[in-house]
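K.L.:
Have a look at this one before I ask anything.
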Amino acid sequence: MKRILLTALTAFSLLTASHMTQAADTVFSQPFATVHGTAPFSKIDDSQWMPAIDNAIAKARAEINAITMQRSRPDFENTIVALEHAGADLDRVLGVFYPLLSAESTDKMMEVAMEASAKLSDYSTSIILNEELWKRVKEVYDNRELWNLDKEDMMLLEKTYDSFALSGANLQGADREKYRELTSELSALTTAFGQNVLKEMATYEIYLGADDLAGLPESSVTAAAEAAKAKGREGEYLFTLDQPVYTAFLKYSSRPDLREKMYRLYSGRNTKGEYSNVENVRRISEIRMEIARLLGSENYAQHTLRRTMAQNPEAVYDLLDRLREAYRPALDAEMAELTEFASKLEGHPVTINPWDYSYYSNKLKAEKYSFDEEALRPYFELENVTRGVFGLATRLYGLTFTPNDSIEVYHPDVKAYDVADENGRWLGVLYTDFFPRASKRPGAWMTNFKEEFQAEDGSSSRPHVSIVMNFTKPTAGKPSLLTPYEVETFLHEFGHSLHGLLADTKYASLSGTAVYRDFVELPSQFNENYLTEKEFLDGFARHYETGEPIPADLVARLVSSSQYGAAYACMRQLAFGYLDMAWHTITAPVDDPVAFERAAIESVRIFPDVEGAMTSTQFSHIFSGGYAAGYYSYKWAEVLDADAFAYFKEHGIFDRETADSFRNNVLTRGGTENPAELYRRFRGQDPTIDALLIRDGIKAAPETKVAPLNKD
């Protein structure tokens with residue numbers, strides 16, 4: 001039931017079935033006879049997906065019926081726990097299907113996703129609008145003092161009750177049917193949005209000649225040459241809009257015309273043609289508004305934020321506004337300095353366009369700090385980085401990661417590891433998937449093929465976790481060498497994976513990352529802090545050819561430059577947050593999405609508008625990824641992570657006692673308690689924004705107080 005009820009509550013988008021189907025044998029018909037029960041990917045043919053989903057839905061319906069048909073008075077075990085366990089087979093199928101849909105998709109899987117979305121949405125709605133089931137849930141909730149529940153049980157009860165109450169359980173008559181229609185349409189639209197982003201991204205192939213490569217590093221040129229050769233166009237250079245390719249091009253190309261071309265292609269994605277998302281954006285936001293109103297809220301953000309740390313739109317806007325006011329003066333100073341530098345460099349007045357920022361910013365950073373990310377690449381060879389990132393978990397939490405070739409993977413690039421604690425207890429499986437390919441969506445993420453939960457015999461059923469990135473690929477002559485940003489991305493997703501792997505809860509729906517949206521990024525963003533810690537880098541950063549450790553002066557430059565561009569980075573994130581909130585606080589349909597987007601981000605605008613550029617049409621986080629009215633959570637969690645790491649630094653960044661507290665109060669507990677309580681238990685107090693402002697150089701650190709000498 002985890003995937004079903006959570007989706008109904010947060011995105012109203014993924015789950016259903018319209019009728020019972022005759023059982024058909026698929027690989028999902030029996031438990032996986034594999035190492036640790038991991039998915040046997042090679043045995044899953046695309047033709048099996050829909051039968052497996054249909055079978056699982058039919059079984060889940062029967063399990064729901066069994067709950068509602070029983071004569072016993074509703075209690076916590078026979079209703080709430082039974083509902084938690086219902087649909088386990090469906091969770092198992094979807095737990096494999098959706099991660100593969102993002103990481104190793106096929107045209108057939110995309111067709112299945114479209115067909116399944118309507119069935120899954122209808123199924124989810126049929127649960128929420130099941131009056132007999134709702135009566136049982138409500139009776140248990142209304143008599144909750146009778147059941148002698150611990151905190152985790154109570155959280156499950158409250159979460160189950162809210163998933164019904166906030167998703168239409170109290171609707172009657174025509175409103176119930178309207179809700180069903182809206183959620184079904186929304187499911188189809190969010191699926192189509194995500195597929196359009198993936199499909200259009202795969203269409204971009206930009207072939208350049210040798211005269212077009214000025215400024216580009218050798219790694220980019222070599223990769224582009226090999227990509228073109230693989231397409232039968234030897235002597236040319238193939239560039240795509242994959243994130244590492246695009247980012248490097250804008251940062252290093254000294255050709256402003258080509259930077260502009262790449263930027264316009266990237267920022268104009270999904271705005272026109274076959275894969276346009278303009279109408280999808282407009283209609284998705286409208287449907288969410290209609291659903292929220294149907295359920296008694298003024299707007300979608302007000303509706304969905306009830307189960308977050310923020311609790312309401314006003315608190316979100318308060319955070320965004322406070323950060324905007326704190327960082328705006330620093331941004332103005334940054335941009336003035338950058339404009340002056342670029343004008344001096346070019347010998348004439350320069351206006352910084354969005355396609356120019358990375359190029360000039362990188363050069364200014366190099367001049368100020370003698371810092372060049374390309375000089376660091378040789379010390380960030382992927383295998384070494386992997387050992388270093390895994391080693392962070394070893395030093396903090398005593399974890400070990402052992403490759404297990406007997407665990408089947410879904411692509412040759414993927415590796416599987418057994419994860420154990422310092423006592424040798426097996427904790428779960430970790431899959432790593434690092435490189436771009438046409439079948440994988442852009443970006444980076446963590447997901448589960450299976451969540452942790454307590455089995456019926458009381459044992460812990462351990463998770464199967466995956467971290468997926470799009471790192472710079474190895475070439476014929478060089479291994480994969482990462483930029484500091486890519487190392488930071490690795491640390492981020494690995495933090496999410498630890499949240500899943502260290503989970504120790506009774507219920508899958510409260511396990512690992514199943515926490516409030518504005519708390520889920522704390523473990524991931526906390527990990528990022530280690531990138532600029534010399535003690536951490538010294539443990540793994542070695543030159544891939546010579547084996548020499550990273551020079552101290554390079555580390556010093558990385559650390560000293562870490563605050564560079566902080567205001568720009570913050571304003572960029574705030575723009576995403578304001579845009580997300582704007583789409584989800586509408587009280588009337590949006591007629592002109594382009595004008596709407598521009599107005600939404602006006603207060604944090606950095607550059608003038610660019611004709612044809614649009615963020616919303618490719619904003620997968622909020623239109624197909626579950627972050628609707630929740631993108632602010634990255635900044636919310638950044639406040640938490642800065643505050644948490646400041647506490648670590650007070651005691652030592654590898655202090656085991658502090659790490660144990662973070663593990664026991666944050667990482668293992670998942671969503672079993674209110675996250676504010678969990679954080680206070682770890683930190684001893686509520687967080688403030690001060691640590692973030694100090695870390696970013698916006699506010700001066702307090703002077704260290706020196707204790708007086710002992711006069712004795």
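Letters A, B, ... mark the chains of the structure tokens in the order given; residue numbers begin at 1 per chain; ligand numbers begin at 1, in order shown.
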How close does segment 185-284 of chain A get to segment 625-649 of chain A? List, as JSON lines, each residue of segment 185-284 of chain A within 10 Å, its nearest atom pair and the distance in Å to one decimal, counting only C-alpha atoms.

P.N.:
```
{"residue": "A:Thr190", "atom": "CA", "partner": "A:Gly625", "partner_atom": "CA", "distance": 8.3}
{"residue": "A:Thr191", "atom": "CA", "partner": "A:Gly625", "partner_atom": "CA", "distance": 9.4}
{"residue": "A:Phe193", "atom": "CA", "partner": "A:Gly625", "partner_atom": "CA", "distance": 9.9}
{"residue": "A:Gly194", "atom": "CA", "partner": "A:Gly625", "partner_atom": "CA", "distance": 8.0}
```

K.L.:
Can you write out the residues you just picked, keeping all heavy atoms, as a compact mmCIF listing (two decimals), in the first residue's frame?

P.N.:
```txt
# COMPACT_ATOMS: atom_id res chain seq x y z
N THR A 190 0.86 13.91 -16.12
CA THR A 190 2.19 13.91 -15.51
C THR A 190 3.09 12.86 -16.14
O THR A 190 4.30 13.09 -16.30
CB THR A 190 2.10 13.68 -13.99
OG1 THR A 190 1.38 12.47 -13.73
CG2 THR A 190 1.40 14.84 -13.31
N THR A 191 2.51 11.73 -16.52
CA THR A 191 3.29 10.71 -17.22
C THR A 191 3.75 11.22 -18.57
O THR A 191 4.92 11.06 -18.96
CB THR A 191 2.47 9.42 -17.39
OG1 THR A 191 2.10 8.92 -16.10
CG2 THR A 191 3.28 8.35 -18.11
N PHE A 193 4.16 14.32 -19.49
CA PHE A 193 5.15 15.37 -19.28
C PHE A 193 6.55 14.77 -19.17
O PHE A 193 7.49 15.20 -19.86
CB PHE A 193 4.81 16.16 -18.01
CG PHE A 193 5.75 17.31 -17.75
CD1 PHE A 193 5.38 18.60 -18.06
CD2 PHE A 193 6.99 17.11 -17.16
CE1 PHE A 193 6.23 19.67 -17.82
CE2 PHE A 193 7.85 18.16 -16.92
CZ PHE A 193 7.47 19.44 -17.24
N GLY A 194 6.70 13.79 -18.28
CA GLY A 194 8.01 13.17 -18.08
C GLY A 194 8.54 12.50 -19.32
O GLY A 194 9.73 12.58 -19.64
```

K.L.:
Please report, as JSON, numbers by chain, each residue of segment 339-398 of chain A to which DSSP assigns helix (DSSP H, G or I) when run on this structure's backbone.

P.N.:
{"A": [339, 340, 341, 342, 343, 344, 345, 346, 357, 358, 359, 360, 361, 362, 363, 364, 365, 366, 367, 368, 369, 373, 374, 375, 376, 377, 378, 379, 382, 383, 384, 385, 386, 387, 388, 389, 390, 391, 392, 393, 394, 395, 396, 397]}

K.L.:
Identify, on the basis of only C-alpha atoms, every residue whose closest approach to Pro479 of chain A does not exceed 8 Å; exclude the query and any residue fewer than 6 positions from it along the same chain; express the result as a list in words.

P.N.:
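Skipping anything fewer than 6 positions along the chain leaves Glu381, Leu382 and Lys473 of chain A.
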
K.L.:
Export, as a PDB file, in the first residue's frame, the selected residues with N, CA, C and O atoms.

P.N.:
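Listed below is the output, again_0.pdb:
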```pdb
ATOM      1  N   GLU A 381      39.170  10.585 -10.077  1.00  0.00           N
ATOM      2  CA  GLU A 381      38.839   9.411 -10.897  1.00  0.00           C
ATOM      3  C   GLU A 381      37.708   8.655 -10.214  1.00  0.00           C
ATOM      4  O   GLU A 381      37.707   8.486  -8.994  1.00  0.00           O
ATOM      5  N   LEU A 382      36.731   8.228 -10.994  1.00  0.00           N
ATOM      6  CA  LEU A 382      35.477   7.728 -10.431  1.00  0.00           C
ATOM      7  C   LEU A 382      35.672   6.580  -9.446  1.00  0.00           C
ATOM      8  O   LEU A 382      35.020   6.534  -8.400  1.00  0.00           O
ATOM      9  N   LYS A 473      31.516  10.373 -19.013  1.00  0.00           N
ATOM     10  CA  LYS A 473      31.839   8.994 -19.349  1.00  0.00           C
ATOM     11  C   LYS A 473      33.337   8.809 -19.565  1.00  0.00           C
ATOM     12  O   LYS A 473      34.048   9.740 -19.975  1.00  0.00           O
TER      13      LYS A 473
END
```

K.L.:
Which one is closest to Phe662 of chain A: A:Gln172, A:Thr402, A:Asn527, A:Ser267? Count only C-alpha atoms.

P.N.:
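When distances to Phe662 of chain A are compared using only C-alpha atoms, the smallest one comes from A:Asn527.
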
K.L.:
Write down as a PyMOL selection string the residues belonging to segment 391-451 of chain A that are assigned strand (DSSP E) by DSSP computed on the backbone.

P.N.:
chain A and resi 400-403+415-420+426-433+445-450

K.L.:
Got time to write the residues from that selection, N, CA and C atoms, as a JSON list (two decimals), in the first residue's frame?

P.N.:
```
[["chain", "number", "residue", "atom", "x", "y", "z"],
["A", 400, "THR", "N", 30.37, -1.04, 5.44],
["A", 400, "THR", "CA", 31.25, -1.56, 4.40],
["A", 400, "THR", "C", 30.44, -1.86, 3.14],
["A", 401, "PHE", "N", 31.10, -1.74, 1.98],
["A", 401, "PHE", "CA", 30.45, -1.93, 0.69],
["A", 401, "PHE", "C", 31.29, -2.92, -0.11],
["A", 402, "THR", "N", 30.71, -4.09, -0.38],
["A", 402, "THR", "CA", 31.44, -5.17, -1.05],
["A", 402, "THR", "C", 30.77, -5.49, -2.38],
["A", 403, "PRO", "N", 31.51, -5.36, -3.51],
["A", 403, "PRO", "CA", 30.91, -5.71, -4.80],
["A", 403, "PRO", "C", 30.41, -7.14, -4.80],
["A", 415, "LYS", "N", 26.68, -1.41, -11.17],
["A", 415, "LYS", "CA", 27.35, -2.32, -10.24],
["A", 415, "LYS", "C", 26.47, -2.51, -9.01],
["A", 416, "ALA", "N", 26.59, -3.68, -8.39],
["A", 416, "ALA", "CA", 25.80, -3.99, -7.20],
["A", 416, "ALA", "C", 26.75, -4.29, -6.03],
["A", 417, "TYR", "N", 26.38, -3.79, -4.86],
["A", 417, "TYR", "CA", 27.20, -3.96, -3.65],
["A", 417, "TYR", "C", 26.35, -4.50, -2.51],
["A", 418, "ASP", "N", 26.97, -5.37, -1.71],
["A", 418, "ASP", "CA", 26.40, -5.74, -0.42],
["A", 418, "ASP", "C", 26.85, -4.71, 0.60],
["A", 419, "VAL", "N", 25.92, -4.24, 1.41],
["A", 419, "VAL", "CA", 26.23, -3.25, 2.43],
["A", 419, "VAL", "C", 26.05, -3.91, 3.80],
["A", 420, "ALA", "N", 27.05, -3.74, 4.66],
["A", 420, "ALA", "CA", 27.00, -4.34, 6.00],
["A", 420, "ALA", "C", 27.43, -3.31, 7.03],
["A", 426, "TRP", "N", 24.25, -7.77, 7.55],
["A", 426, "TRP", "CA", 23.90, -7.32, 6.20],
["A", 426, "TRP", "C", 22.76, -6.31, 6.25],
["A", 427, "LEU", "N", 22.95, -5.15, 5.61],
["A", 427, "LEU", "CA", 21.96, -4.08, 5.66],
["A", 427, "LEU", "C", 21.14, -3.93, 4.39],
["A", 428, "GLY", "N", 21.69, -4.38, 3.25],
["A", 428, "GLY", "CA", 20.94, -4.22, 2.02],
["A", 428, "GLY", "C", 21.85, -4.24, 0.80],
["A", 429, "VAL", "N", 21.23, -3.96, -0.36],
["A", 429, "VAL", "CA", 21.94, -3.91, -1.64],
["A", 429, "VAL", "C", 21.96, -2.47, -2.14],
["A", 430, "LEU", "N", 23.11, -2.06, -2.65],
["A", 430, "LEU", "CA", 23.23, -0.75, -3.29],
["A", 430, "LEU", "C", 23.65, -0.94, -4.74],
["A", 431, "TYR", "N", 22.84, -0.41, -5.67],
["A", 431, "TYR", "CA", 23.19, -0.37, -7.09],
["A", 431, "TYR", "C", 23.72, 1.02, -7.42],
["A", 432, "THR", "N", 24.80, 1.08, -8.22],
["A", 432, "THR", "CA", 25.30, 2.37, -8.70],
["A", 432, "THR", "C", 25.22, 2.39, -10.22],
["A", 433, "ASP", "N", 24.72, 3.48, -10.77],
["A", 433, "ASP", "CA", 24.50, 3.63, -12.22],
["A", 433, "ASP", "C", 24.95, 5.03, -12.58],
["A", 445, "TRP", "N", 19.47, 10.90, -9.18],
["A", 445, "TRP", "CA", 18.44, 10.57, -8.20],
["A", 445, "TRP", "C", 18.77, 9.27, -7.48],
["A", 446, "MET", "N", 18.09, 9.07, -6.36],
["A", 446, "MET", "CA", 18.14, 7.82, -5.62],
["A", 446, "MET", "C", 16.74, 7.24, -5.63],
["A", 447, "THR", "N", 16.65, 5.93, -5.72],
["A", 447, "THR", "CA", 15.35, 5.26, -5.65],
["A", 447, "THR", "C", 15.52, 3.90, -5.01],
["A", 448, "ASN", "N", 14.38, 3.24, -4.75],
["A", 448, "ASN", "CA", 14.40, 1.90, -4.18],
["A", 448, "ASN", "C", 13.78, 0.91, -5.13],
["A", 449, "PHE", "N", 14.41, -0.24, -5.29],
["A", 449, "PHE", "CA", 13.73, -1.37, -5.90],
["A", 449, "PHE", "C", 12.91, -2.11, -4.84],
["A", 450, "LYS", "N", 13.29, -1.90, -3.59],
["A", 450, "LYS", "CA", 12.57, -2.51, -2.46],
["A", 450, "LYS", "C", 12.89, -1.71, -1.21]]
```
